[in-house]
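Undergrad: Input coords11.cif, format and content: mmCIF, C-alpha atoms.
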```
data_upload
loop_
_atom_site.label_atom_id
_atom_site.label_comp_id
_atom_site.auth_asym_id
_atom_site.auth_seq_id
_atom_site.Cartn_x
_atom_site.Cartn_y
_atom_site.Cartn_z
CA MET B 1 116.18 39.64 84.96
CA LYS B 2 117.89 41.48 82.14
CA ASP B 3 120.93 43.56 82.99
CA ASP B 4 119.53 46.80 81.57
CA GLN B 5 116.35 46.35 83.53
CA SER B 6 118.10 46.01 86.86
CA GLU B 7 119.50 49.50 86.43
CA HIS B 8 116.03 50.92 86.67
CA ASP B 9 113.85 48.84 88.91
CA GLY B 10 115.71 48.73 92.16
CA HIS B 11 116.65 45.04 92.04
CA ARG B 12 120.30 45.98 92.05
CA MET B 13 120.55 47.07 95.68
CA PRO B 14 117.23 46.37 97.40
CA SER B 15 118.34 46.33 101.02
CA ASP B 16 119.97 49.74 101.17
CA PRO B 17 117.04 51.87 99.99
CA ALA B 18 114.66 49.70 102.00
CA LEU B 19 116.53 50.57 105.20
CA ARG B 20 116.86 54.23 104.28
CA VAL B 21 113.14 54.51 103.54
CA GLN B 22 112.27 52.80 106.81
CA ALA B 23 114.46 55.28 108.69
CA LEU B 24 112.94 58.23 106.84
CA GLU B 25 109.39 57.07 107.49
CA SER B 26 110.11 56.60 111.22
CA LEU B 27 111.66 60.04 111.40
CA LEU B 28 108.79 61.80 109.67
CA ILE B 29 106.21 59.99 111.79
CA GLU B 30 108.13 60.92 114.96
CA LYS B 31 108.15 64.54 113.79
CA GLY B 32 104.43 64.45 113.08
CA LEU B 33 104.97 65.26 109.41
CA VAL B 34 103.41 62.09 108.03
CA ASP B 35 100.79 59.62 109.18
CA SER B 36 101.48 55.95 108.59
CA GLN B 37 97.87 55.19 107.72
CA ALA B 38 97.83 57.96 105.13
CA LEU B 39 100.86 56.33 103.52
CA ASP B 40 99.01 53.00 103.51
CA ALA B 41 96.03 54.70 101.87
CA LEU B 42 98.20 56.28 99.16
CA VAL B 43 99.89 52.97 98.34
CA ASP B 44 96.57 51.15 98.34
CA ALA B 45 94.98 53.66 95.98
CA TYR B 46 97.60 53.10 93.30
CA GLU B 47 98.13 49.40 93.88
CA HIS B 48 94.46 48.48 93.89
CA ARG B 49 92.12 51.20 92.66
CA ILE B 50 93.69 53.55 90.13
CA GLY B 51 94.99 51.95 86.94
CA PRO B 52 94.59 51.46 83.19
CA HIS B 53 91.07 50.09 83.63
CA ASN B 54 90.03 53.72 84.19
CA GLY B 55 91.54 54.89 80.91
CA ALA B 56 90.05 51.90 79.13
CA ARG B 57 86.56 53.02 80.17
CA VAL B 58 87.20 56.45 78.66
CA ILE B 59 88.39 54.92 75.38
CA ALA B 60 85.48 52.47 75.17
CA ARG B 61 83.01 55.26 75.80
CA ALA B 62 84.60 57.36 73.05
CA TRP B 63 84.36 54.42 70.63
CA THR B 64 80.68 53.85 71.34
CA ASP B 65 79.47 57.44 71.75
CA PRO B 66 80.47 59.88 68.99
CA ALA B 67 79.28 62.90 70.97
CA TYR B 68 81.44 61.82 73.91
CA LYS B 69 84.41 61.33 71.60
CA ALA B 70 83.95 64.87 70.26
CA ARG B 71 83.88 66.22 73.83
CA LEU B 72 86.96 64.15 74.74
CA LEU B 73 88.97 65.58 71.85
CA ALA B 74 87.74 69.14 72.49
CA ASP B 75 88.14 69.21 76.30
CA ALA B 76 89.58 65.99 77.65
CA THR B 77 89.68 67.12 81.28
CA ALA B 78 85.93 67.80 81.33
CA ALA B 79 85.01 64.68 79.34
CA ILE B 80 87.12 62.46 81.60
CA ALA B 81 85.57 64.08 84.68
CA GLU B 82 82.16 62.98 83.37
CA LEU B 83 83.26 59.42 84.13
CA GLY B 84 84.50 60.42 87.57
CA PHE B 85 88.23 60.52 86.82
CA GLY B 86 90.67 63.35 87.40
CA GLY B 87 92.88 64.82 90.08
CA LEU B 88 96.49 64.11 90.94
CA GLN B 89 98.65 64.12 87.80
CA GLY B 90 95.58 64.27 85.59
CA GLU B 91 94.45 67.78 86.46
CA HIS B 92 94.83 68.94 82.85
CA MET B 93 94.24 66.32 80.17
CA VAL B 94 94.61 66.20 76.39
CA ALA B 95 93.40 63.29 74.25
CA VAL B 96 95.06 62.66 70.89
CA GLU B 97 93.41 60.44 68.32
CA ASN B 98 95.05 57.71 66.29
CA THR B 99 93.76 57.38 62.73
CA PRO B 100 94.91 55.37 59.70
CA ALA B 101 97.08 58.40 58.82
CA VAL B 102 98.38 59.43 62.26
CA HIS B 103 99.91 57.50 65.16
CA ASN B 104 100.47 59.25 68.49
CA LEU B 105 103.08 58.38 71.12
CA VAL B 106 103.46 59.91 74.60
CA VAL B 107 106.71 60.47 76.50
CA CYS B 108 108.18 62.73 79.17
CA THR B 109 111.81 63.40 78.27
CA LEU B 110 112.51 65.59 81.34
CA CYS B 111 111.10 63.38 84.10
CA SER B 112 108.33 60.77 83.83
CA CYS B 113 105.03 62.68 83.67
CA TYR B 114 102.11 60.32 83.19
CA PRO B 115 98.30 60.51 83.53
CA TYR B 116 97.89 58.77 86.90
CA PRO B 117 94.07 58.92 87.14
CA LEU B 118 93.68 57.05 83.87
CA LEU B 119 96.72 54.77 83.71
CA GLY B 120 97.92 54.47 87.31
CA LEU B 121 101.64 54.79 87.99
CA PRO B 122 104.04 54.50 85.04
CA PRO B 123 105.83 51.23 84.26
CA VAL B 124 109.61 51.06 84.66
CA TRP B 125 110.25 51.20 80.90
CA TYR B 126 108.31 54.47 80.57
CA LYS B 127 110.59 56.01 83.23
CA SER B 128 113.77 54.52 81.74
CA ALA B 129 116.50 56.60 80.14
CA ALA B 130 116.21 54.39 77.06
CA TYR B 131 112.58 55.28 76.39
CA ARG B 132 112.84 58.94 77.40
CA SER B 133 115.91 59.56 75.23
CA ARG B 134 114.78 57.68 72.14
CA ALA B 135 111.02 58.27 71.90
CA VAL B 136 111.58 61.73 70.39
CA ILE B 137 114.52 60.99 68.06
CA ASP B 138 113.67 57.41 67.07
CA PRO B 139 109.98 56.77 67.75
CA ARG B 140 109.71 54.20 64.97
CA GLY B 141 112.65 52.25 66.36
CA VAL B 142 111.12 52.32 69.83
CA LEU B 143 107.79 51.10 68.48
CA ARG B 144 109.59 48.30 66.64
CA GLU B 145 110.96 47.13 70.01
CA PHE B 146 107.35 46.87 71.16
CA GLY B 147 106.59 44.78 68.05
CA LEU B 148 104.83 47.60 66.25
CA GLU B 149 106.05 48.34 62.70
CA LEU B 150 104.30 51.40 61.31
CA PRO B 151 104.00 52.03 57.57
CA ALA B 152 106.20 54.91 56.36
CA ALA B 153 103.02 56.65 55.20
CA THR B 154 101.68 56.82 58.76
CA GLN B 155 102.66 60.11 60.39
CA VAL B 156 104.14 59.67 63.88
CA ARG B 157 103.36 62.40 66.39
CA VAL B 158 105.31 62.29 69.63
CA TRP B 159 103.90 64.26 72.58
CA ASP B 160 106.58 65.32 75.07
CA SER B 161 104.84 66.05 78.40
CA THR B 162 106.98 69.03 79.35
CA ALA B 163 104.17 70.99 81.08
CA GLU B 164 101.31 70.00 83.39
CA LEU B 165 99.23 68.70 80.49
CA ARG B 166 98.90 64.93 80.51
CA TYR B 167 98.28 63.03 77.30
CA LEU B 168 96.02 60.08 76.55
CA VAL B 169 96.14 58.33 73.19
CA LEU B 170 92.74 57.42 71.78
CA PRO B 171 93.63 54.25 69.87
CA GLN B 172 91.89 53.12 66.70
CA GLN B 173 89.02 50.76 67.32
CA PRO B 174 89.65 47.40 65.64
CA ALA B 175 87.17 46.95 62.77
CA GLN B 176 86.13 43.51 64.02
CA THR B 177 84.85 44.96 67.29
CA GLN B 178 82.05 47.09 65.83
CA GLY B 179 78.84 46.38 67.70
CA MET B 180 80.53 45.30 70.93
CA THR B 181 79.40 46.95 74.16
CA ALA B 182 81.52 49.56 75.91
CA GLU B 183 82.24 47.04 78.65
CA GLN B 184 83.46 44.43 76.17
CA LEU B 185 85.58 47.04 74.40
CA ALA B 186 87.14 48.33 77.62
CA ALA B 187 88.48 44.82 78.28
CA LEU B 188 90.47 45.05 75.02
CA VAL B 189 92.10 48.43 75.66
CA THR B 190 95.61 48.13 77.08
CA ARG B 191 97.79 50.58 78.94
CA ASP B 192 100.36 50.37 76.17
CA ALA B 193 97.78 51.33 73.53
CA MET B 194 96.85 54.41 75.57
CA ILE B 195 100.54 55.46 75.70
CA GLY B 196 100.85 54.75 71.99
CA VAL B 197 103.37 51.89 71.99
CA ALA B 198 100.77 49.33 70.89
CA LEU B 199 97.59 49.01 68.87
CA VAL B 200 94.38 47.57 70.27
CA ARG B 201 93.77 44.10 68.86
CA ALA B 202 90.45 42.33 68.75
CA GLY B 203 90.30 39.42 71.14
CA GLN B 204 93.62 40.01 72.84
CA GLU B 205 94.17 39.67 76.53
CA PRO B 206 94.96 43.08 78.00
CA ALA B 207 98.69 42.39 78.26
CA GLY B 208 100.59 45.07 80.07
CA GLY B 209 97.31 46.67 80.96
CA ALA B 210 96.57 44.67 84.03
CA GLY B 211 98.78 46.75 86.31
CA MET R 1 120.05 73.22 83.89
CA ASN R 2 121.80 71.21 81.19
CA GLY R 3 121.55 68.02 83.22
CA VAL R 4 121.34 64.32 82.45
CA HIS R 5 117.62 64.37 83.32
CA ASP R 6 117.12 66.18 79.98
CA LEU R 7 117.33 63.00 77.95
CA GLY R 8 115.50 63.76 74.71
CA GLY R 9 117.58 62.74 71.70
CA MET R 10 120.52 61.23 73.61
CA HIS R 11 122.14 58.02 72.42
CA GLY R 12 123.70 55.24 74.42
CA MET R 13 120.85 54.60 76.87
CA GLY R 14 120.16 51.07 75.63
CA SER R 15 117.03 49.41 74.35
CA VAL R 16 113.56 49.71 75.88
CA GLN R 17 112.83 46.71 78.07
CA PRO R 18 109.14 46.20 78.77
CA GLU R 19 108.34 43.79 81.60
CA ARG R 20 105.34 41.50 81.35
CA ASP R 21 102.81 41.64 84.19
CA GLU R 22 104.82 44.32 85.93
CA PRO R 23 103.77 45.05 89.52
CA VAL R 24 102.92 48.64 90.49
CA PHE R 25 105.82 48.55 92.96
CA HIS R 26 108.68 46.04 92.74
CA HIS R 27 109.52 46.38 96.43
CA ARG R 28 107.55 47.55 99.42
CA TRP R 29 109.96 50.46 99.95
CA GLU R 30 109.12 51.87 96.52
CA GLY R 31 105.48 52.27 97.54
CA ARG R 32 106.54 53.86 100.83
CA VAL R 33 108.76 56.39 99.02
CA PHE R 34 106.00 57.21 96.57
CA ALA R 35 103.59 57.79 99.47
CA LEU R 36 106.13 59.77 101.53
CA VAL R 37 106.80 62.12 98.61
CA ARG R 38 103.09 62.66 98.03
CA ALA R 39 102.25 63.07 101.72
CA MET R 40 105.09 65.55 102.23
CA GLY R 41 104.10 67.39 99.06
CA ALA R 42 100.62 67.81 100.51
CA LEU R 43 102.07 69.94 103.34
CA GLY R 44 102.91 72.69 100.84
CA ARG R 45 106.41 73.47 102.12
CA TRP R 46 107.63 73.16 98.53
CA ASN R 47 105.97 72.51 95.19
CA ILE R 48 106.14 69.91 92.43
CA ASP R 49 108.58 71.99 90.40
CA ALA R 50 110.96 72.35 93.34
CA SER R 51 110.63 68.62 93.93
CA ARG R 52 111.53 67.82 90.30
CA HIS R 53 114.45 70.24 90.41
CA GLN R 54 115.79 68.65 93.58
CA ARG R 55 116.00 65.32 91.73
CA GLU R 56 117.73 67.04 88.80
CA LEU R 57 120.39 68.25 91.24
CA ILE R 58 121.44 64.69 92.11
CA ALA R 59 124.98 64.16 90.77
CA ALA R 60 124.77 63.10 87.13
CA ALA R 61 126.49 59.73 87.50
CA ASP R 62 124.25 58.87 90.47
CA GLN R 63 121.09 59.90 88.60
CA LEU R 64 121.86 57.51 85.78
CA ARG R 65 122.73 54.67 88.15
CA MET R 66 119.76 55.09 90.51
CA SER R 67 116.32 53.64 89.94
CA TYR R 68 113.37 56.01 89.69
CA TYR R 69 112.30 55.57 93.30
CA GLU R 70 115.88 55.82 94.55
CA ARG R 71 115.95 59.26 92.94
CA TRP R 72 112.67 60.08 94.69
CA LEU R 73 114.17 58.98 98.02
CA GLU R 74 117.28 61.06 97.49
CA GLY R 75 115.30 64.11 96.33
CA LEU R 76 112.95 63.95 99.32
CA SER R 77 115.85 63.57 101.76
CA GLN R 78 117.51 66.66 100.30
CA LEU R 79 114.28 68.69 100.38
CA LEU R 80 113.75 67.90 104.06
CA VAL R 81 117.19 69.20 104.92
CA ARG R 82 116.98 72.17 102.60
CA HIS R 83 113.67 73.31 104.09
CA GLY R 84 114.75 72.79 107.67
CA LEU R 85 112.33 69.95 108.40
CA ALA R 86 115.13 67.55 109.32
CA SER R 87 118.89 67.59 109.66
CA ALA R 88 121.14 65.36 107.58
CA ALA R 89 121.97 63.47 110.77
CA GLU R 90 118.30 62.86 111.46
CA VAL R 91 117.68 61.62 107.91
CA ALA R 92 120.63 59.23 108.25
CA SER R 93 119.66 57.90 111.68
CA GLY R 94 115.89 57.94 111.34
CA ARG R 95 115.60 59.44 114.84
CA ALA R 96 114.57 62.99 115.68
CA LEU R 97 117.20 64.85 117.67
CA PRO R 98 116.14 66.35 120.99
CA GLY R 99 114.72 69.80 120.52
CA ALA R 100 114.00 69.30 116.81
CA ALA R 101 111.01 71.24 115.50
CA ALA R 102 107.67 69.45 115.44
CA GLY R 103 105.77 69.26 112.18
CA THR R 104 102.60 70.80 110.90
CA PRO R 105 99.52 68.55 110.99
CA ALA R 106 100.23 65.63 108.70
CA LEU R 107 98.02 64.45 105.84
CA ARG R 108 95.55 62.00 107.41
CA ALA R 109 94.28 58.79 105.85
CA ALA R 110 90.76 60.20 105.73
CA GLN R 111 92.06 63.12 103.64
CA VAL R 112 93.81 60.95 101.05
CA PRO R 113 90.83 60.36 98.71
CA ALA R 114 90.16 64.10 98.49
CA PHE R 115 93.88 64.82 98.09
CA ILE R 116 94.06 62.45 95.11
CA ALA R 117 90.76 63.64 93.62
CA ARG R 118 91.71 67.31 93.82
CA GLY R 119 95.32 67.04 92.75
CA SER R 120 97.24 70.24 92.39
CA PRO R 121 95.96 72.19 89.38
CA ALA R 122 98.62 74.36 87.74
CA ALA R 123 96.25 76.37 85.53
CA ARG R 124 95.64 79.98 86.61
CA GLU R 125 93.02 82.57 85.74
CA SER R 126 94.39 85.42 83.72
CA GLY R 127 92.82 88.14 81.68
CA ARG R 128 95.98 88.34 79.60
CA PRO R 129 95.43 87.31 75.97
CA PRO R 130 97.86 84.80 74.46
CA ARG R 131 100.78 86.42 72.64
CA LEU R 132 100.87 83.61 70.07
CA ARG R 133 98.13 81.95 68.04
CA PRO R 134 97.62 78.50 66.52
CA GLY R 135 99.36 78.20 63.15
CA GLN R 136 101.93 80.84 64.02
CA ARG R 137 105.60 80.03 63.36
CA VAL R 138 107.76 80.34 66.46
CA ARG R 139 111.31 79.64 67.52
CA ALA R 140 112.28 78.18 70.88
CA ARG R 141 114.70 80.48 72.61
CA ASN R 142 118.31 79.40 72.91
CA LEU R 143 118.37 79.53 76.71
CA HIS R 144 120.69 77.62 79.02
CA PRO R 145 119.68 78.55 82.56
CA ALA R 146 121.67 76.93 85.34
CA GLY R 147 118.43 76.38 87.29
CA HIS R 148 115.21 74.52 86.55
CA THR R 149 113.62 74.79 83.12
CA ARG R 150 111.02 72.82 81.20
CA LEU R 151 112.53 73.90 77.88
CA PRO R 152 114.31 70.75 76.73
CA ARG R 153 117.70 71.11 75.05
CA TYR R 154 116.65 69.35 71.86
CA VAL R 155 114.22 72.13 70.84
CA ARG R 156 116.33 75.16 71.81
CA GLY R 157 116.90 77.37 68.81
CA LYS R 158 114.55 75.23 66.70
CA SER R 159 111.63 76.47 64.65
CA GLY R 160 108.10 75.11 65.03
CA VAL R 161 104.43 75.97 64.66
CA VAL R 162 101.95 76.61 67.46
CA ASP R 163 99.47 73.71 67.37
CA ARG R 164 97.19 74.83 70.19
CA VAL R 165 96.95 77.20 73.14
CA HIS R 166 96.55 75.33 76.42
CA GLY R 167 95.80 78.30 78.64
CA VAL R 168 97.67 80.01 81.47
CA PHE R 169 99.82 77.93 83.80
CA VAL R 170 102.34 78.34 86.60
CA PHE R 171 105.85 78.84 85.17
CA PRO R 172 108.09 76.09 86.61
CA ASP R 173 111.30 77.93 85.73
CA THR R 174 110.60 80.45 88.51
CA HIS R 175 108.26 78.35 90.66
CA ALA R 176 110.89 75.64 91.23
CA HIS R 177 113.10 78.24 92.86
CA LEU R 178 110.23 79.63 94.98
CA ARG R 179 110.47 82.87 93.01
CA GLY R 180 106.75 83.04 92.31
CA GLU R 181 104.27 81.46 89.91
CA ASP R 182 104.69 83.97 87.04
CA PRO R 183 101.62 82.47 85.29
CA GLN R 184 101.77 82.60 81.49
CA HIS R 185 100.30 80.94 78.43
CA VAL R 186 101.43 77.45 77.52
CA TYR R 187 101.42 76.32 73.91
CA SER R 188 101.77 72.97 72.23
CA VAL R 189 104.42 73.58 69.57
CA ARG R 190 104.85 71.19 66.66
CA PHE R 191 108.47 70.66 65.62
CA GLU R 192 109.07 68.71 62.42
CA ALA R 193 111.30 65.67 62.93
CA ARG R 194 113.63 66.96 60.21
CA GLU R 195 113.98 70.35 61.92
CA LEU R 196 115.05 68.60 65.12
CA TRP R 197 117.01 65.61 63.87
CA GLY R 198 117.98 66.10 60.24
CA ASP R 199 116.91 65.16 56.77
CA ASP R 200 117.12 61.39 57.08
CA HIS R 201 113.99 61.39 59.26
CA VAL R 202 110.51 60.73 57.90
CA ALA R 203 109.29 64.06 56.57
CA ALA R 204 105.80 63.90 58.06
CA ASP R 205 106.86 62.90 61.60
CA ALA R 206 106.84 65.53 64.33
CA VAL R 207 107.35 66.12 68.04
CA TYR R 208 104.91 68.27 70.02
CA VAL R 209 106.37 70.06 73.03
CA ASP R 210 104.48 72.13 75.60
CA LEU R 211 106.28 75.42 76.11
CA TRP R 212 105.63 78.62 78.01
CA GLU R 213 105.52 82.12 76.55
CA ASP R 214 108.96 82.91 77.99
CA HIS R 215 110.42 80.01 75.99
CA LEU R 216 109.22 81.24 72.61
CA ASP R 217 109.67 84.03 70.06
CA ALA R 218 107.35 84.69 67.14
CA GLU R 219 109.09 84.37 63.77
#
```
Write the structure described by the file as structure tokens, please.

TA:
Amino acid sequence: MKDDQSEHDGHRMPSDPALRVQALESLLIEKGLVDSQALDALVDAYEHRIGPHNGARVIARAWTDPAYKARLLADATAAIAELGFGGLQGEHMVAVENTPAVHNLVVCTLCSCYPYPLLGLPPVWYKSAAYRSRAVIDPRGVLREFGLELPAATQVRVWDSTAELRYLVLPQQPAQTQGMTAEQLAALVTRDAMIGVALVRAGQEPAGGAG
Amino acid sequence: MNGVHDLGGMHGMGSVQPERDEPVFHHRWEGRVFALVRAMGALGRWNIDASRHQRELIAAADQLRMSYYERWLEGLSQLLVRHGLASAAEVASGRALPGAAAGTPALRAAQVPAFIARGSPAARESGRPPRLRPGQRVRARNLHPAGHTRLPRYVRGKSGVVDRVHGVFVFPDTHAHLRGEDPQHVYSVRFEARELWGDDHVAADAVYVDLWEDHLDAE
């Protein structure tokens, strides 16, 4: 475990918050304000059902259906709802398209806003002070730390999620994947590519996209 | 408020540290906090803006030291006390004191799928036309409210161009303080990297920030 990381992921003092949370949960159950099974259902939804595989289906559909792509870019909320996704922290969606000339990157500098219905809950790095502070002032440096060196001629557009709009990056489809089915394509689309810190590569395992 | 939550453009926060095969929650308690915050939010005693502001009010040094879900735990604890749903002593002990008020009906497991599917839309119907139009040059107001605002420091006083009109949304700067929704148009404003950060930045790069009508003046 790296030192910086431990500042942000709770490894530093696990027992204390664990006890405090247990006390708080007992209290709120005793008061009738929460239901333990509802808490289980909320955790289960985000641990097992809602994640980047949802967003990957949207991207793969856009790559294989030009009319859908046009709808996604014009009204992302409605186009995403066509595939059955939406709701909590994805009520109002915007899709931004990567092209050879433009690369998009999403951040929330004020908190950690993130499109839950499509990507699940945000990873620790997305919520970190390092990412939130630097994505707007040094996006190219941040991308370099993810192993992505963009040509100077590529315009970088950073989207700071300061309102209730949530952003989804529509990555470029790798040229070698033309002709693949939407299902095959979805397996290539990673969480990081949909945030804009990675490109989609042909034949890669969906690293960082499994969660 | 000019708090440490408003991180855009700050230095000294270290390098970004992605974790391979990261779990959704690193500890069981993180999932419980996440669920507690959502389940309590569903009761409607406060709103998402008030919830964000409560976390902003955590002492600056603590905010930077705490993990994300520790901040959620602290924010929720403070909201419960602030809204009279629990006393500080109850939060600390985990036991309800005799005579403490009983709660409203809690969110039930059977209601969770609909709660997630519906979310909490912040868009509002309004017949009011937008004051600004795409392509128009605007300047972010130089405001420094002591309360909640979604106008980040790094764009205050800066000039940009309206990229698109998102529609009418609840205004967090009043909503967080339970002073009403004050719905108004939200715009995506494009700020050139050089306008924000100086001439050694790549000329074509830009940051898009979603801002409300009360954050902007036409130029």

Undergrad: Which polymer residues have any atom within 8 Å of an atom of stretch 98-111 of chain B, counting only C-alpha atoms, with same-chain residues fewer than 2 positions away left out, as number ranges by chain?

TA: B: 96, 113-114, 126-127, 131-133, 135-136, 139, 153-162, 167-172, 195-197; R: 5-8, 52, 150, 152

Undergrad: Go ahead and write the residues just picked, C-alpha atoms, as an mmCIF file, keeping the file's coordinate frame.

TA:
```cif
data_model
loop_
_atom_site.group_PDB
_atom_site.id
_atom_site.type_symbol
_atom_site.label_atom_id
_atom_site.label_comp_id
_atom_site.auth_asym_id
_atom_site.auth_seq_id
_atom_site.Cartn_x
_atom_site.Cartn_y
_atom_site.Cartn_z
ATOM 1 C CA VAL B 96 95.060 62.660 70.890
ATOM 2 C CA CYS B 113 105.030 62.680 83.670
ATOM 3 C CA TYR B 114 102.110 60.320 83.190
ATOM 4 C CA TYR B 126 108.310 54.470 80.570
ATOM 5 C CA LYS B 127 110.590 56.010 83.230
ATOM 6 C CA TYR B 131 112.580 55.280 76.390
ATOM 7 C CA ARG B 132 112.840 58.940 77.400
ATOM 8 C CA SER B 133 115.910 59.560 75.230
ATOM 9 C CA ALA B 135 111.020 58.270 71.900
ATOM 10 C CA VAL B 136 111.580 61.730 70.390
ATOM 11 C CA PRO B 139 109.980 56.770 67.750
ATOM 12 C CA ALA B 153 103.020 56.650 55.200
ATOM 13 C CA THR B 154 101.680 56.820 58.760
ATOM 14 C CA GLN B 155 102.660 60.110 60.390
ATOM 15 C CA VAL B 156 104.140 59.670 63.880
ATOM 16 C CA ARG B 157 103.360 62.400 66.390
ATOM 17 C CA VAL B 158 105.310 62.290 69.630
ATOM 18 C CA TRP B 159 103.900 64.260 72.580
ATOM 19 C CA ASP B 160 106.580 65.320 75.070
ATOM 20 C CA SER B 161 104.840 66.050 78.400
ATOM 21 C CA THR B 162 106.980 69.030 79.350
ATOM 22 C CA TYR B 167 98.280 63.030 77.300
ATOM 23 C CA LEU B 168 96.020 60.080 76.550
ATOM 24 C CA VAL B 169 96.140 58.330 73.190
ATOM 25 C CA LEU B 170 92.740 57.420 71.780
ATOM 26 C CA PRO B 171 93.630 54.250 69.870
ATOM 27 C CA GLN B 172 91.890 53.120 66.700
ATOM 28 C CA ILE B 195 100.540 55.460 75.700
ATOM 29 C CA GLY B 196 100.850 54.750 71.990
ATOM 30 C CA VAL B 197 103.370 51.890 71.990
ATOM 31 C CA HIS R 5 117.620 64.370 83.320
ATOM 32 C CA ASP R 6 117.120 66.180 79.980
ATOM 33 C CA LEU R 7 117.330 63.000 77.950
ATOM 34 C CA GLY R 8 115.500 63.760 74.710
ATOM 35 C CA ARG R 52 111.530 67.820 90.300
ATOM 36 C CA ARG R 150 111.020 72.820 81.200
ATOM 37 C CA PRO R 152 114.310 70.750 76.730
#
```

Undergrad: Please build the interface table for chain R against chain B with a cut-off of 6 Å, listing for each qualifying residue the nearest atom pair and the distance in Å to one decimal; count only C-alpha atoms, order rows by chain and increasing number, and write it as a Markdown table.

TA:
```
| residue | atom | partner | partner_atom | distance |
| --- | --- | --- | --- | --- |
| R:His5 | CA | B:Leu110 | CA | 5.6 |
| R:Asp6 | CA | B:Leu110 | CA | 4.8 |
| R:Leu7 | CA | B:Ser133 | CA | 4.6 |
| R:Gly8 | CA | B:Ser133 | CA | 4.3 |
| R:Gly9 | CA | B:Ser133 | CA | 5.0 |
| R:Met10 | CA | B:Ser133 | CA | 5.2 |
| R:Met13 | CA | B:Ala130 | CA | 4.6 |
| R:Gly14 | CA | B:Ala130 | CA | 5.4 |
| R:Ser15 | CA | B:Ala130 | CA | 5.7 |
| R:Val16 | CA | B:Ala130 | CA | 5.5 |
| R:Gln17 | CA | B:Trp125 | CA | 5.9 |
| R:Pro18 | CA | B:Trp125 | CA | 5.5 |
| R:Asp21 | CA | B:Gly208 | CA | 5.8 |
| R:Val24 | CA | B:Glu47 | CA | 5.9 |
| R:Trp29 | CA | B:Ala18 | CA | 5.2 |
| R:Gly31 | CA | B:Val43 | CA | 5.7 |
| R:Ala35 | CA | B:Leu39 | CA | 5.1 |
| R:Ser67 | CA | B:His8 | CA | 4.3 |
| R:Val91 | CA | B:Leu24 | CA | 5.9 |
| R:Gly94 | CA | B:Ala23 | CA | 4.0 |
| R:Arg95 | CA | B:Leu27 | CA | 5.3 |
| R:Ala96 | CA | B:Leu27 | CA | 6.0 |
| R:Ala102 | CA | B:Lys31 | CA | 5.2 |
| R:Gly103 | CA | B:Leu33 | CA | 4.9 |
| R:Ala106 | CA | B:Val34 | CA | 4.8 |
| R:Arg108 | CA | B:Ala38 | CA | 5.2 |
| R:Ala109 | CA | B:Ala38 | CA | 3.7 |
| R:Ile116 | CA | B:Leu88 | CA | 5.1 |
| R:Ala117 | CA | B:Gly87 | CA | 4.3 |
| R:Arg118 | CA | B:Gly87 | CA | 4.6 |
| R:Gly119 | CA | B:Leu88 | CA | 3.6 |
| R:Pro121 | CA | B:Glu91 | CA | 5.5 |
| R:Arg150 | CA | B:Thr162 | CA | 5.8 |
| R:Ala204 | CA | B:Gln155 | CA | 5.4 |
| R:Asp205 | CA | B:Val156 | CA | 4.8 |
| R:Ala206 | CA | B:Arg157 | CA | 5.1 |
| R:Val207 | CA | B:Val158 | CA | 4.6 |
| R:Tyr208 | CA | B:Trp159 | CA | 4.9 |
| R:Val209 | CA | B:Asp160 | CA | 5.2 |
| R:Asp210 | CA | B:Thr162 | CA | 5.5 |
```

Undergrad: List the neighbours of R:Tyr69 out to 8 Å using all atoms listed in the file; skip same-chain residues closer than 2 positions along the sequence, and give me the result as an NGL selection string.

TA: (:B and (10)) or (:R and (30 or 33-34 or 66-67 or 71-73))

Undergrad: Suppose we keep C-alpha atoms; can you now write the selection as a PDB file, keeping the file's coordinate frame?

TA:
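After the write, selection_35.pdb holds the following:
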```
ATOM      1  CA  GLY B  10     115.710  48.730  92.160  1.00  0.00           C
TER       2      GLY B  10
ATOM      3  CA  GLU R  30     109.120  51.870  96.520  1.00  0.00           C
ATOM      4  CA  VAL R  33     108.760  56.390  99.020  1.00  0.00           C
ATOM      5  CA  PHE R  34     106.000  57.210  96.570  1.00  0.00           C
ATOM      6  CA  MET R  66     119.760  55.090  90.510  1.00  0.00           C
ATOM      7  CA  SER R  67     116.320  53.640  89.940  1.00  0.00           C
ATOM      8  CA  ARG R  71     115.950  59.260  92.940  1.00  0.00           C
ATOM      9  CA  TRP R  72     112.670  60.080  94.690  1.00  0.00           C
ATOM     10  CA  LEU R  73     114.170  58.980  98.020  1.00  0.00           C
TER      11      LEU R  73
END
```

Undergrad: List the neighbours of R:Leu216 out to 6 Å using only C-alpha atoms; skip same-chain residues closer than 2 positions along the sequence, and give me the result as a list in words.

TA: Arg139, Ala140, Arg141, Glu213 and Asp214 of chain R

Undergrad: With C-alpha atoms kept, could you save the residues just selected as a compact mmCIF listing (two decimals), in the frame of the given file?

TA:
```
# COMPACT_ATOMS: atom_id res chain seq x y z
CA ARG R 139 111.31 79.64 67.52
CA ALA R 140 112.28 78.18 70.88
CA ARG R 141 114.70 80.48 72.61
CA GLU R 213 105.52 82.12 76.55
CA ASP R 214 108.96 82.91 77.99
```

Undergrad: Under the rule that all atoms listed in the file are counted, which of R:Leu80, R:Lys158, R:Arg131, R:Pro98 is the nearest residue to R:Gly41?

TA: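 Comparing R:Leu80, R:Lys158, R:Arg131, R:Pro98 against R:Gly41, the winner is R:Leu80.
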
Undergrad: What is the distance, in Å and to one decimal place, between atom CA of B:Lys69 and atom CA of B:Arg49?

TA: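 Distance between the two atoms: 24.6 Å.
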